[in-house]
file final-v2.txt (compact mmCIF, C-alpha atoms)
# COMPACT_ATOMS: atom_id res chain seq x y z
CA MET A 27 110.39 67.60 1.08
CA THR A 28 112.03 69.53 3.89
CA ARG A 29 111.34 73.13 4.78
CA ARG A 30 113.54 74.96 7.29
CA SER A 31 113.86 78.54 8.60
CA ASN A 32 115.41 81.14 10.99
CA LEU A 33 114.94 84.89 10.35
CA SER A 34 115.11 86.73 13.65
CA ALA A 35 116.52 89.80 11.92
CA ALA A 36 113.83 89.74 9.24
CA MET A 37 111.15 89.18 11.88
CA ALA A 38 112.42 92.21 13.78
CA SER A 39 112.28 94.40 10.68
CA VAL A 40 108.72 93.30 9.98
CA LEU A 41 107.70 94.03 13.57
CA LEU A 42 108.97 97.59 13.17
CA LEU A 43 106.49 98.08 10.33
CA CYS A 44 103.45 97.29 12.43
CA ALA A 45 101.36 100.39 13.00
CA SER A 46 98.10 101.14 11.21
CA PRO A 47 95.37 98.78 9.90
CA ALA A 48 95.76 97.41 6.37
CA LEU A 49 94.23 94.01 5.79
CA ALA A 50 95.07 91.94 2.70
CA GLY A 51 92.39 90.08 0.78
CA GLU A 52 91.11 86.54 1.15
CA GLY A 53 91.44 83.51 -1.08
CA ARG A 54 95.22 83.42 -1.01
CA VAL A 55 97.51 80.45 -1.29
CA ASP A 56 98.84 78.76 1.80
CA GLN A 57 101.49 76.08 2.14
CA ALA A 58 100.90 72.35 2.14
CA GLU A 59 101.58 70.87 5.58
CA GLY A 60 103.52 67.61 5.75
CA LEU A 61 104.26 65.19 8.58
CA GLU A 62 107.99 65.71 8.94
CA ILE A 63 108.74 65.94 12.68
CA GLU A 64 112.11 65.46 14.37
CA ALA A 65 112.57 65.15 18.12
CA ASP A 66 114.50 68.00 19.77
CA ALA A 67 114.72 69.94 16.47
CA LEU A 68 113.93 73.66 16.42
CA GLU A 69 112.58 74.93 13.10
CA ILE A 70 112.06 78.56 12.16
CA GLU A 71 110.18 79.34 8.97
CA PHE A 72 109.55 82.67 7.27
CA GLN A 73 106.81 82.68 4.63
CA THR A 74 106.00 85.63 2.36
CA ILE A 75 102.99 85.74 0.03
CA PHE A 76 102.58 88.56 -2.50
CA VAL A 77 99.50 89.34 -4.60
CA PRO A 78 100.34 92.04 -7.18
CA ALA A 79 98.06 95.03 -7.69
CA GLY A 80 95.27 94.59 -10.22
CA ASN A 81 91.63 95.38 -10.94
CA GLY A 82 91.86 98.59 -8.93
CA ALA A 83 93.25 96.84 -5.82
CA LYS A 84 96.59 97.58 -4.19
CA GLY A 85 99.29 94.95 -3.99
CA GLU A 86 98.86 92.75 -0.92
CA TRP A 87 101.47 91.06 1.29
CA LYS A 88 101.36 88.41 3.99
CA PHE A 89 104.33 87.64 6.26
CA ALA A 90 104.17 84.56 8.49
CA PRO A 91 107.14 83.74 10.76
CA THR A 92 106.69 80.37 12.50
CA ILE A 93 108.66 78.65 15.26
CA GLU A 94 108.24 74.88 15.76
CA TYR A 95 109.85 72.42 18.18
CA GLY A 96 109.76 68.63 18.04
CA LEU A 97 108.82 67.13 21.38
CA SER A 98 109.20 63.68 19.82
CA ASP A 99 109.35 62.15 16.34
CA ALA A 100 105.54 62.20 16.28
CA LEU A 101 104.61 65.45 18.07
CA SER A 102 105.64 69.07 17.61
CA VAL A 103 104.39 72.38 18.97
CA GLY A 104 104.67 75.83 17.43
CA LEU A 105 103.84 79.50 17.36
CA GLU A 106 102.93 81.48 14.22
CA PHE A 107 102.65 85.24 13.74
CA GLU A 108 100.73 86.63 10.76
CA PHE A 109 101.29 90.12 9.38
CA GLU A 110 99.31 91.66 6.52
CA LYS A 111 99.80 94.86 4.54
CA GLU A 112 98.85 96.65 1.35
CA SER A 113 101.48 98.29 -0.86
CA GLY A 114 102.35 101.72 0.47
CA GLU A 115 100.93 100.95 3.92
CA PRO A 116 102.64 99.71 7.09
CA ALA A 117 102.25 96.05 8.06
CA LEU A 118 99.83 94.97 10.76
CA LEU A 119 100.13 91.99 13.10
CA THR A 120 96.70 90.44 12.57
CA GLU A 121 96.87 86.98 14.18
CA ILE A 122 98.90 84.76 16.47
CA GLY A 123 98.46 80.99 16.27
CA VAL A 124 99.40 78.35 18.84
CA GLN A 125 99.69 74.98 17.10
CA ALA A 126 100.45 71.31 17.58
CA LYS A 127 101.16 68.65 14.95
CA LEU A 128 100.71 64.92 15.53
CA ALA A 129 101.81 62.17 13.13
CA LEU A 130 99.53 59.20 13.75
CA ILE A 131 101.22 57.14 11.01
CA SER A 132 104.66 58.21 9.80
CA PRO A 133 105.09 58.27 5.98
CA GLU A 134 108.44 56.56 6.62
CA ASP A 135 106.64 53.53 8.07
CA ALA A 136 103.71 53.15 5.66
CA PRO A 137 102.80 53.86 2.03
CA VAL A 138 100.67 56.79 3.24
CA GLY A 139 101.30 58.68 6.47
CA LEU A 140 98.40 60.24 8.34
CA GLY A 141 98.18 62.99 10.95
CA PHE A 142 96.84 66.42 11.72
CA GLN A 143 97.87 69.91 12.75
CA SER A 144 95.57 72.07 14.86
CA SER A 145 95.92 75.72 15.84
CA LEU A 146 94.11 78.12 18.12
CA ILE A 147 94.18 81.54 16.47
CA PHE A 148 93.99 84.83 18.37
CA ASP A 149 93.28 88.10 16.54
CA ARG A 150 94.01 91.67 17.66
CA SER A 151 90.77 91.78 19.65
CA ALA A 152 91.72 88.58 21.52
CA ASP A 153 88.90 86.69 19.79
CA VAL A 154 89.67 83.01 19.23
CA GLY A 155 89.34 80.91 16.09
CA PHE A 156 90.82 77.60 14.99
CA GLU A 157 92.37 75.87 12.00
CA THR A 158 92.87 72.10 11.61
CA TYR A 159 94.79 70.38 8.82
CA ILE A 160 94.02 66.73 8.16
CA ILE A 161 97.25 65.51 6.54
CA ALA A 162 98.03 62.59 4.22
CA GLU A 163 101.56 62.16 2.87
CA HIS A 164 103.39 59.68 0.64
CA ASP A 165 107.18 59.90 0.91
CA GLY A 166 108.72 58.12 -2.07
CA GLU A 167 112.31 57.79 -3.23
CA LYS A 168 111.84 60.45 -5.94
CA ILE A 169 108.21 61.52 -5.60
CA ASP A 170 106.59 63.05 -2.53
CA VAL A 171 102.83 63.70 -2.41
CA ILE A 172 100.93 65.68 0.25
CA GLY A 173 97.20 66.20 0.59
CA ASN A 174 95.52 68.50 3.13
CA LEU A 175 91.90 69.06 4.07
CA VAL A 176 91.62 72.21 6.19
CA ILE A 177 88.70 73.03 8.49
CA SER A 178 88.67 76.47 10.12
CA ALA A 179 86.59 79.09 11.91
CA GLU A 180 87.28 82.82 12.01
CA PRO A 181 88.22 84.32 15.40
CA GLY A 182 85.07 85.30 17.26
CA ASP A 183 82.70 83.48 14.89
CA TRP A 184 82.42 79.69 15.04
CA SER A 185 78.90 79.69 13.61
CA GLU A 186 80.10 78.89 10.08
CA LEU A 187 83.03 76.59 9.39
CA SER A 188 85.15 76.93 6.27
CA ALA A 189 86.76 74.06 4.36
CA SER A 190 89.67 74.25 1.95
CA TYR A 191 92.25 71.90 0.43
CA VAL A 192 95.88 71.79 -0.71
CA GLY A 193 97.47 69.16 -2.93
CA ARG A 194 101.23 69.00 -3.55
CA LEU A 195 103.54 66.77 -5.64
CA ASP A 196 107.34 67.13 -5.55
CA HIS A 197 109.88 65.38 -7.80
CA ALA A 198 113.46 65.26 -6.56
CA ILE A 199 115.99 66.28 -9.22
CA ASP A 200 118.89 65.36 -6.91
CA ASP A 201 119.67 65.51 -3.19
CA ARG A 202 119.27 69.32 -3.06
CA TYR A 203 116.81 70.38 -5.75
CA ALA A 204 113.19 69.49 -6.50
CA LEU A 205 110.41 70.65 -8.79
CA GLY A 206 106.78 70.38 -7.81
CA LEU A 207 103.20 71.25 -8.58
CA GLU A 208 100.74 72.58 -6.02
CA SER A 209 97.02 73.31 -6.14
CA GLY A 210 94.58 74.57 -3.55
CA GLY A 211 91.23 76.20 -3.08
CA GLU A 212 88.23 77.05 -0.96
CA LEU A 213 85.39 74.50 -0.72
CA SER A 214 83.06 76.44 1.60
CA GLY A 215 82.84 79.75 3.45
CA GLU A 216 83.04 83.34 2.26
CA THR A 217 85.78 82.57 -0.27
CA LYS A 218 84.17 79.42 -1.70
CA GLY A 219 85.03 78.84 -5.35
CA ARG A 220 88.56 80.26 -5.33
CA HIS A 221 91.11 77.77 -6.68
CA TRP A 222 94.72 78.05 -7.87
CA LEU A 223 97.53 76.02 -9.41
CA GLY A 224 101.25 76.58 -9.85
CA PRO A 225 104.81 75.22 -9.96
CA VAL A 226 107.12 75.02 -6.94
CA PHE A 227 110.93 75.09 -6.95
CA SER A 228 112.73 73.87 -3.81
CA MET A 229 116.41 74.02 -2.83
CA SER A 230 117.81 72.37 0.30
CA PRO A 231 121.05 73.66 1.89
CA LYS A 232 124.27 71.71 2.22
CA GLU A 233 124.91 70.17 5.61
CA GLY A 234 126.01 72.71 8.20
CA GLY A 235 126.03 76.49 8.00
CA LEU A 236 123.21 78.98 8.26
CA VAL A 237 122.01 78.92 4.65
CA PRO A 238 118.23 78.28 4.64
CA ALA A 239 116.20 75.91 2.56
CA VAL A 240 114.42 77.98 -0.09
CA GLU A 241 111.10 77.40 -1.79
CA PHE A 242 109.58 79.64 -4.48
CA SER A 243 106.13 79.26 -6.05
CA ILE A 244 103.98 81.23 -8.45
CA PHE A 245 100.26 80.49 -8.80
CA ALA A 246 97.66 81.17 -11.48
CA PRO A 247 93.89 81.27 -10.89
CA LEU A 248 91.63 78.39 -11.90
CA THR A 249 88.48 80.49 -11.40
CA GLY A 250 87.53 84.12 -11.93
CA LYS A 251 87.11 84.65 -8.18
CA THR A 252 90.83 84.07 -7.54
CA PRO A 253 93.61 86.72 -7.66
CA ASP A 254 95.29 86.85 -11.09
CA VAL A 255 98.78 86.01 -9.78
CA GLN A 256 100.08 84.95 -6.38
CA MET A 257 103.71 84.40 -5.40
CA ARG A 258 105.08 82.65 -2.33
CA LEU A 259 108.62 82.54 -0.92
CA GLU A 260 109.61 80.38 2.05
CA LEU A 261 112.91 80.38 3.93
CA ASP A 262 113.52 77.64 6.50
CA TRP A 263 116.23 76.84 9.02
CA GLU A 264 116.54 73.90 11.41
CA PHE A 265 118.68 73.71 14.54
call {"tool": "encode", "arguments": {"input": "final-v2.txt", "output": "structure tokens"}}
result
Amino acid sequence: MTRRSNLSAAMASVLLLCASPALAGEGRVDQAEGLEIEADALEIEFQTIFVPAGNGAKGEWKFAPTIEYGLSDALSVGLEFEFEKESGEPALLTEIGVQAKLALISPEDAPVGLGFQSSLIFDRSADVGFETYIIAEHDGEKIDVIGNLVISAEPGDWSELSASYVGRLDHAIDDRYALGLESGGELSGETKGRHWLGPVFSMSPKEGGLVPAVEFSIFAPLTGKTPDVQMRLELDWEF
């Protein structure tokens, strides 16, 4: 499945919101990372995650604009900005990630492609953490499957590593539309035991123009430790 993005105007509007601290909660969904890399292609992605208010907590938002560039068909580099906010509060730039993705085996050349994506993460205090996705992907004619194992450490504290997972299956309806199912969760760390599951709808743009690829998901909890509902919207452009 492809995911593209460009949102310089939206990124600018989010940046204008950044002012006072307001951190969203943990145990939220994150996207499955695949191995699609194209040499000399610039990709801009804008991801929004919303956790509605409930159980006395305010609604929580996460905004994550990402810029990626393909150095070759097997290696890309990128920069991600993460903003978090609670409903009624201004957004806060909480982290900046510098990342690289390497496809060791392309899913186009083998039944299962293998690779990884690693990021150094800098928080507002300039402390450094990391996040590494171990990626497996099957790219079929109608069915695509992605599996991620994620190992990470919080900025400034590498004494305890956290592990999580994401699993994703997409079924192509036609050349532009697909329906999928995605699940993820926390295997270790402070948010251990939080797991979620939900459907994903994807729409790819026609060739040419500035219309983004769109992906919308809604997730339900599989355990009592997980937020009741989580929604994710992704907009992607490629140049």
call {"tool": "closest_residue", "arguments": {"input": "final-v2.txt", "among": "A:Trp263, A:Tyr159, A:Tyr95, A:Trp87", "to": "Gly114 of chain A", "atoms": "all atoms listed in the file"}}
result
A:Trp87
call {"tool": "closest_residue", "arguments": {"input": "final-v2.txt", "among": "A:Ser144, A:Ser228, A:Ser132, A:Thr252", "to": "Leu195 of chain A", "atoms": "only C-alpha atoms"}}
result
A:Ser228
call {"tool": "atom_distance", "arguments": {"input": "final-v2.txt", "atom1": "atom CA of Gly235 of chain A", "atom2": "atom CA of Leu261 of chain A"}}
result
14.3 Å
call {"tool": "residues_around", "arguments": {"input": "final-v2.txt", "residues": "Gly211 of chain A", "least_positions_apart": "4", "cutoff": "10 Å", "atoms": "only C-alpha atoms", "output": "PDB file with C-alpha atoms, in the frame of the given file"}}
result
ATOM      1  CA  GLY A  53      91.440  83.510  -1.080  1.00  0.00           C
ATOM      2  CA  ARG A  54      95.220  83.420  -1.010  1.00  0.00           C
ATOM      3  CA  VAL A  55      97.510  80.450  -1.290  1.00  0.00           C
ATOM      4  CA  ASP A  56      98.840  78.760   1.800  1.00  0.00           C
ATOM      5  CA  ALA A 189      86.760  74.060   4.360  1.00  0.00           C
ATOM      6  CA  SER A 190      89.670  74.250   1.950  1.00  0.00           C
ATOM      7  CA  TYR A 191      92.250  71.900   0.430  1.00  0.00           C
ATOM      8  CA  VAL A 192      95.880  71.790  -0.710  1.00  0.00           C
ATOM      9  CA  GLY A 193      97.470  69.160  -2.930  1.00  0.00           C
ATOM     10  CA  THR A 217      85.780  82.570  -0.270  1.00  0.00           C
ATOM     11  CA  LYS A 218      84.170  79.420  -1.700  1.00  0.00           C
ATOM     12  CA  GLY A 219      85.030  78.840  -5.350  1.00  0.00           C
ATOM     13  CA  ARG A 220      88.560  80.260  -5.330  1.00  0.00           C
ATOM     14  CA  HIS A 221      91.110  77.770  -6.680  1.00  0.00           C
ATOM     15  CA  TRP A 222      94.720  78.050  -7.870  1.00  0.00           C
ATOM     16  CA  LEU A 223      97.530  76.020  -9.410  1.00  0.00           C
ATOM     17  CA  PRO A 247      93.890  81.270 -10.890  1.00  0.00           C
ATOM     18  CA  LEU A 248      91.630  78.390 -11.900  1.00  0.00           C
ATOM     19  CA  THR A 249      88.480  80.490 -11.400  1.00  0.00           C
ATOM     20  CA  THR A 252      90.830  84.070  -7.540  1.00  0.00           C
TER      21      THR A 252
END
call {"tool": "closest_residue", "arguments": {"input": "final-v2.txt", "among": "A:Ala239, A:Ile75, A:Val138, A:Ala204", "to": "Ala90 of chain A", "atoms": "only C-alpha atoms"}}
result
A:Ile75
call {"tool": "atom_distance", "arguments": {"input": "final-v2.txt", "atom1": "atom CA of Phe156 of chain A", "atom2": "atom CA of Glu186 of chain A"}}
result
11.9 Å
call {"tool": "residues_around", "arguments": {"input": "final-v2.txt", "residues": "Glu86 of chain A", "least_positions_apart": "3", "cutoff": "8 Å", "atoms": "only C-alpha atoms", "output": "ChimeraX atom specification"}}
result
/A:50-51,76-79,110-113
call {"tool": "atom_distance", "arguments": {"input": "final-v2.txt", "atom1": "atom CA of Ser178 of chain A", "atom2": "atom CA of Ala67 of chain A"}}
result
27.6 Å
call {"tool": "residues_near_point", "arguments": {"input": "final-v2.txt", "point": "(79.4, 76.4, 2.7)", "cutoff": "7 Å", "atoms": "only C-alpha atoms", "output": "NGL selection string"}}
result
:A and (188 or 214-215)
call {"tool": "residues_around", "arguments": {"input": "final-v2.txt", "residues": "Asp99 of chain A", "least_positions_apart": "5", "cutoff": "10 Å", "atoms": "all atoms listed in the file", "output": "list in words"}}
result
Leu61, Glu62, Ile63, Glu64, Ala65, Asp66, Ala67, Leu128, Ala129 and Ser132 of chain A
